[in-house]
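Below is start11.csv, holding CSV, C-alpha atoms.
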```
chain,number,residue,atom,x,y,z
A,486,MET,CA,84.9,86.4,81.8
A,487,THR,CA,81.8,84.7,83.1
A,488,GLY,CA,80.9,81.1,83.5
A,489,GLY,CA,83.7,78.6,84.0
A,490,GLY,CA,84.1,75.5,86.0
A,491,ASP,CA,85.8,76.6,89.2
A,492,MET,CA,84.8,80.3,89.5
A,493,ARG,CA,85.7,81.5,93.0
A,494,TRP,CA,85.7,84.9,94.7
A,495,TYR,CA,89.0,86.3,96.0
A,496,ALA,CA,89.8,89.4,98.0
A,497,VAL,CA,91.9,92.2,96.4
A,498,GLN,CA,93.6,94.8,98.5
A,499,THR,CA,93.5,98.2,96.8
A,500,LYS,CA,95.8,101.2,97.1
A,501,PRO,CA,94.4,103.7,99.6
A,502,SER,CA,91.1,105.2,98.5
A,503,GLN,CA,91.4,103.6,95.0
A,504,GLU,CA,88.6,100.9,95.3
A,505,ASP,CA,86.6,102.4,92.4
A,506,LYS,CA,89.7,102.9,90.2
A,507,ALA,CA,90.8,99.3,90.8
A,508,ALA,CA,87.2,97.9,90.1
A,509,PHE,CA,87.1,99.9,86.9
A,510,ASN,CA,90.4,98.6,85.7
A,511,LEU,CA,89.7,95.0,86.7
A,512,ARG,CA,86.4,95.1,84.8
A,513,ARG,CA,88.2,96.5,81.7
A,514,GLN,CA,90.4,93.4,81.8
A,515,GLY,CA,87.3,91.2,81.8
A,516,TYR,CA,87.1,90.2,85.5
A,517,ARG,CA,83.9,90.0,87.4
A,518,VAL,CA,84.2,92.5,90.3
A,519,TYR,CA,82.2,93.0,93.4
A,520,LEU,CA,82.8,96.2,95.4
A,521,PRO,CA,80.2,96.2,98.1
A,522,LYS,CA,79.1,99.6,99.4
A,523,TYR,CA,76.9,101.0,102.1
A,524,LEU,CA,75.3,104.4,102.7
A,525,ARG,CA,77.2,106.4,105.2
A,526,LEU,CA,76.0,109.5,106.9
A,527,ARG,CA,78.0,112.6,105.8
A,528,ARG,CA,77.9,116.0,107.5
A,529,HIS,CA,79.3,119.0,105.7
A,530,ALA,CA,78.6,122.7,106.0
A,531,ARG,CA,75.6,122.1,108.2
A,532,LYS,CA,74.1,119.7,105.7
A,533,THR,CA,73.6,116.0,106.2
A,534,ASP,CA,73.4,113.5,103.4
A,535,ARG,CA,74.2,109.9,102.7
A,536,VAL,CA,77.0,108.8,100.4
A,537,ALA,CA,77.9,105.3,99.1
A,538,ARG,CA,81.2,104.2,100.6
A,539,PRO,CA,83.1,100.9,100.3
A,540,LEU,CA,81.9,98.5,102.9
A,541,PHE,CA,85.4,97.1,103.3
A,542,SER,CA,87.7,100.1,103.0
A,543,GLY,CA,90.7,99.1,100.9
A,544,TYR,CA,89.2,95.9,99.6
A,545,LEU,CA,87.1,94.5,96.8
A,546,PHE,CA,86.4,91.0,95.4
A,547,VAL,CA,87.1,89.5,92.1
A,548,ALA,CA,85.8,86.2,90.6
A,549,VAL,CA,88.4,84.1,89.0
A,550,ASP,CA,88.5,80.6,87.5
A,551,ALA,CA,92.0,79.8,88.7
A,552,GLY,CA,92.2,76.8,86.3
A,553,ARG,CA,91.4,78.9,83.2
A,554,GLN,CA,92.3,82.5,84.0
A,555,GLY,CA,95.6,84.1,84.9
A,556,TRP,CA,95.2,85.7,88.3
A,557,ARG,CA,98.7,87.2,88.5
A,558,ALA,CA,97.7,90.1,86.2
A,559,ILE,CA,95.5,91.3,89.0
A,560,ASN,CA,98.5,92.4,91.0
A,561,SER,CA,99.7,94.8,88.3
A,562,THR,CA,96.3,96.4,87.7
A,563,LEU,CA,96.1,100.2,88.4
A,564,GLY,CA,94.6,100.8,91.8
A,565,VAL,CA,95.4,97.3,93.1
A,566,ALA,CA,98.0,96.8,95.9
A,567,ARG,CA,97.8,93.0,95.8
A,568,LEU,CA,95.6,89.9,95.6
A,569,VAL,CA,95.2,88.5,99.1
A,570,ALA,CA,97.3,85.3,99.0
A,571,ALA,CA,99.3,82.9,101.1
A,572,ALA,CA,102.2,80.8,99.9
A,573,ASP,CA,102.1,82.3,96.4
A,574,ALA,CA,98.5,81.2,95.9
A,575,PRO,CA,95.3,83.4,96.2
A,576,LEU,CA,93.1,82.7,99.2
A,577,ALA,CA,89.5,82.1,98.2
A,578,VAL,CA,86.7,83.9,100.1
A,579,PRO,CA,84.6,81.3,102.0
A,580,GLU,CA,81.5,80.1,100.1
A,581,GLY,CA,78.4,82.1,100.7
A,582,VAL,CA,80.0,85.3,101.9
A,583,ILE,CA,79.5,87.2,98.6
A,584,GLU,CA,76.0,85.8,98.2
A,585,GLY,CA,75.2,86.9,101.8
A,586,LEU,CA,76.3,90.4,101.2
A,587,ARG,CA,74.4,90.6,97.9
A,588,ALA,CA,71.2,89.4,99.7
A,589,ARG,CA,71.4,92.4,102.0
A,590,GLU,CA,71.6,95.0,99.1
A,591,ASP,CA,68.9,97.5,98.7
A,592,LYS,CA,67.4,98.7,95.3
A,593,ALA,CA,70.4,101.1,94.9
A,594,GLY,CA,72.9,98.2,95.3
A,595,CYS,CA,74.1,99.3,98.8
A,596,VAL,CA,74.4,96.7,101.6
A,597,ARG,CA,71.9,97.5,104.4
A,598,LEU,CA,73.7,97.6,107.7
A,599,GLU,CA,71.7,96.6,110.8
A,600,PRO,CA,71.5,99.7,113.0
A,601,GLN,CA,73.1,98.6,116.3
A,602,ARG,CA,70.5,95.9,117.0
A,603,HIS,CA,73.0,94.4,119.5
A,604,LEU,CA,72.5,97.3,121.8
A,605,LYS,CA,70.0,96.9,124.6
A,606,SER,CA,68.2,99.5,126.6
A,607,GLY,CA,70.4,100.7,129.4
A,608,ASP,CA,73.7,100.0,127.6
A,609,THR,CA,76.4,102.7,127.8
A,610,VAL,CA,77.2,104.1,124.3
A,611,ARG,CA,79.8,106.5,122.9
A,612,ILE,CA,78.8,108.9,120.2
A,613,THR,CA,81.4,108.8,117.4
A,614,ALA,CA,80.5,111.9,115.3
A,615,GLY,CA,78.4,115.1,115.3
A,616,ALA,CA,77.8,117.7,117.9
A,617,PHE,CA,78.0,115.2,120.8
A,618,GLU,CA,81.1,113.4,119.5
A,619,SER,CA,83.0,111.5,122.2
A,620,PHE,CA,80.1,111.9,124.7
A,621,LEU,CA,78.9,108.9,126.6
A,622,GLY,CA,75.2,108.2,127.1
A,623,LEU,CA,72.6,105.6,127.9
A,624,TYR,CA,71.0,103.9,125.0
A,625,GLU,CA,67.2,103.7,125.4
A,626,GLY,CA,66.2,102.1,122.1
A,627,LEU,CA,65.2,102.8,118.5
A,628,THR,CA,62.3,104.9,117.5
A,629,GLU,CA,59.9,103.9,114.7
A,630,SER,CA,61.9,106.2,112.3
A,631,GLU,CA,65.1,104.2,113.1
A,632,ARG,CA,66.7,106.9,115.2
A,633,ALA,CA,68.4,106.0,118.5
A,634,LEU,CA,67.1,107.6,121.7
A,635,VAL,CA,70.1,108.3,123.9
A,636,LEU,CA,70.2,109.9,127.4
A,637,VAL,CA,73.3,112.2,127.4
A,638,ASP,CA,74.8,114.1,130.3
A,639,PHE,CA,75.2,117.6,128.9
A,640,LEU,CA,76.3,120.5,131.1
A,641,GLY,CA,75.4,118.6,134.3
A,642,ARG,CA,71.8,117.8,133.1
A,643,LYS,CA,70.4,114.6,131.6
A,644,MET,CA,69.1,115.3,128.1
A,645,ARG,CA,67.3,112.9,125.8
A,646,THR,CA,68.4,113.2,122.2
A,647,LEU,CA,67.7,111.4,118.9
A,648,ILE,CA,70.8,110.3,117.2
A,649,ASP,CA,71.6,108.4,114.0
A,650,PRO,CA,72.4,104.8,115.2
A,651,GLU,CA,75.3,104.7,112.7
A,652,ILE,CA,77.3,107.0,114.9
A,653,LEU,CA,76.9,105.0,118.1
A,654,ALA,CA,79.4,102.5,119.5
A,655,ALA,CA,79.2,100.3,122.6
A,656,ALA,CA,81.3,102.0,125.3
```
Structure encoded using structure tokens:
Amino acid sequence: MTGGGDMRWYAVQTKPSQEDKAAFNLRRQGYRVYLPKYLRLRRHARKTDRVARPLFSGYLFVAVDAGRQGWRAINSTLGVARLVAAADAPLAVPEGVIEGLRAREDKAGCVRLEPQRHLKSGDTVRITAGAFESFLGLYEGLTESERALVLVDFLGRKMRTLIDPEILAAA
């Protein structure tokens, strides 16, 4: 169902880990669906790769012309928990949000996340995954290859290490 006069985007809460299932079933019913994804670093069995994961875990977006389309059927779609609503009416996503997300997509259709640009040299960071998980360190900056240079206290010695910026959090 494309076109229409008052086509707006609405947030849909999915059942746990059923974003793709909900998107598939909503598309089968003729709805325009947007399930933004990003590339997440995954480590498994000493291998590291990137996998596409939902940007908003447990949510996706559906375009509906509320004047011409029934939106109540969305709530009974397989994989869907509920259409985000208030006072028995769906809440529209603010104008420009979906367009802003789509503008940040790469060629594969994944939203590019800014790698911790808010961190400044000297900031204390916490490592959230990997061999140094839960360690604190001092952020020194990003290298040309977009790796974070972090000074970590390891066994009583200061050690510089390159870390994927996706696994850093401000401490």
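Of the listed residues A:Met644, A:Val569, A:Ile583, A:Leu634, the one whose atoms come nearest to Arg493 of chain A is A:Ile583, with distances taken using only C-alpha atoms.
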(request) Counting only C-alpha atoms, figure out which residue out of A:Ala588, A:Leu598, A:Ala507, A:Val578 gets nearest to Val549 of chain A. (result) A:Val578
Show me the residues close to (99.2, 93.9, 95.9) - anything with an atom within 9 Å, counting all atoms listed in the file - and format the list as a PDB file with C-alpha atoms, in the frame of the given file.
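As a result, out.pdb now contains:
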```pdb
ATOM      1  CA  VAL A 497      91.900  92.200  96.400  1.00  0.00           C
ATOM      2  CA  GLN A 498      93.600  94.800  98.500  1.00  0.00           C
ATOM      3  CA  THR A 499      93.500  98.200  96.800  1.00  0.00           C
ATOM      4  CA  LYS A 500      95.800 101.200  97.100  1.00  0.00           C
ATOM      5  CA  ILE A 559      95.500  91.300  89.000  1.00  0.00           C
ATOM      6  CA  ASN A 560      98.500  92.400  91.000  1.00  0.00           C
ATOM      7  CA  SER A 561      99.700  94.800  88.300  1.00  0.00           C
ATOM      8  CA  VAL A 565      95.400  97.300  93.100  1.00  0.00           C
ATOM      9  CA  ALA A 566      98.000  96.800  95.900  1.00  0.00           C
ATOM     10  CA  ARG A 567      97.800  93.000  95.800  1.00  0.00           C
ATOM     11  CA  LEU A 568      95.600  89.900  95.600  1.00  0.00           C
ATOM     12  CA  VAL A 569      95.200  88.500  99.100  1.00  0.00           C
TER      13      VAL A 569
END
```
Could you give me, as a Markdown table, a per-residue list for segment 563-641 of chain A showing, wherever an atom lies at most 7 Å from an atom of segment 517-523 of chain A, the closest pair of atoms and their distance in Å to one decimal, using all atoms listed in the file and sorting by chain then residue number from low to high?
```
| residue | atom | partner | partner_atom | distance |
| --- | --- | --- | --- | --- |
| A:Cys595 | CA | A:Tyr523 | CA | 4.6 |
| A:Val596 | CA | A:Tyr523 | CA | 5.0 |
| A:Arg597 | CA | A:Tyr523 | CA | 6.5 |
```
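Distance check against Ala655 of chain A using all atoms listed in the file: of A:Asp591, A:Asp608, A:Glu618, A:Asp491, the minimum falls on A:Asp608.
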(request) Rounded to one decimal place, report the atom CA of Arg525 of chain A-atom CA of Leu576 of chain A distance in Å. (result) 29.2 Å
(request) Please indicate the distance in Å from atom CA of Gln503 of chain A to atom CA of Gly515 of chain A, rounded to one decimal place. (result)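 If I compute the distance from atom CA of Gln503 of chain A to atom CA of Gly515 of chain A, I get 18.6 Å.
The residue that comes closest to Arg587 of chain A, out of A:Leu623, A:Gly552, A:Leu540, A:Ala571 and on the basis of all atoms listed in the file, is A:Leu540.
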(message) I'd like to know which of A:Gly626, A:Gly585, A:Leu647, A:Gly615 is closest to Lys532 of chain A, using all atoms listed in the file.
(response)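 Checking each candidate against Lys532 of chain A, we get A:Gly615 as the closest.
As for atom CA of Leu586 of chain A and atom CA of Phe509 of chain A, they are spaced 20.3 Å apart.
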(request) Give the answer as one residue: which of A:Met492, A:Ala656, A:Ile612, A:Leu563 has the shortest atom-to-atom distance to Ala551 of chain A, using all atoms listed in the file? (result) A:Met492
(message) Around the point (90.8, 105.0, 104.4) (coordinates from the file), which residues reach within 10 Å if we count all atoms listed in the file? Answer as a PyMOL selection string.
(response) chain A and resi 500-503+539+541-543
(request) Write out as a PyMOL selection string which residues come within 9 Å of Glu631 of chain A when counting only C-alpha atoms, dropping same-chain ones fewer than 2 positions away. (result) chain A and resi 600+627-629+633+649-650
(message) I'd like the neighbourhood of Gly622 of chain A as a list of chain:residue names, where a residue qualifies if any of its atoms comes within 6 Å (using only C-alpha atoms), though same-chain residues fewer than 4 positions away should be ignored.
(response) A:Thr609, A:Val610, A:Leu636, A:Val637
Written selection (C-alpha atoms) as a compact mmCIF listing (two decimals), in the coordinates of the input:
```txt
# COMPACT_ATOMS: atom_id res chain seq x y z
CA THR A 609 76.40 102.70 127.80
CA VAL A 610 77.20 104.10 124.30
CA LEU A 636 70.20 109.90 127.40
CA VAL A 637 73.30 112.20 127.40
```
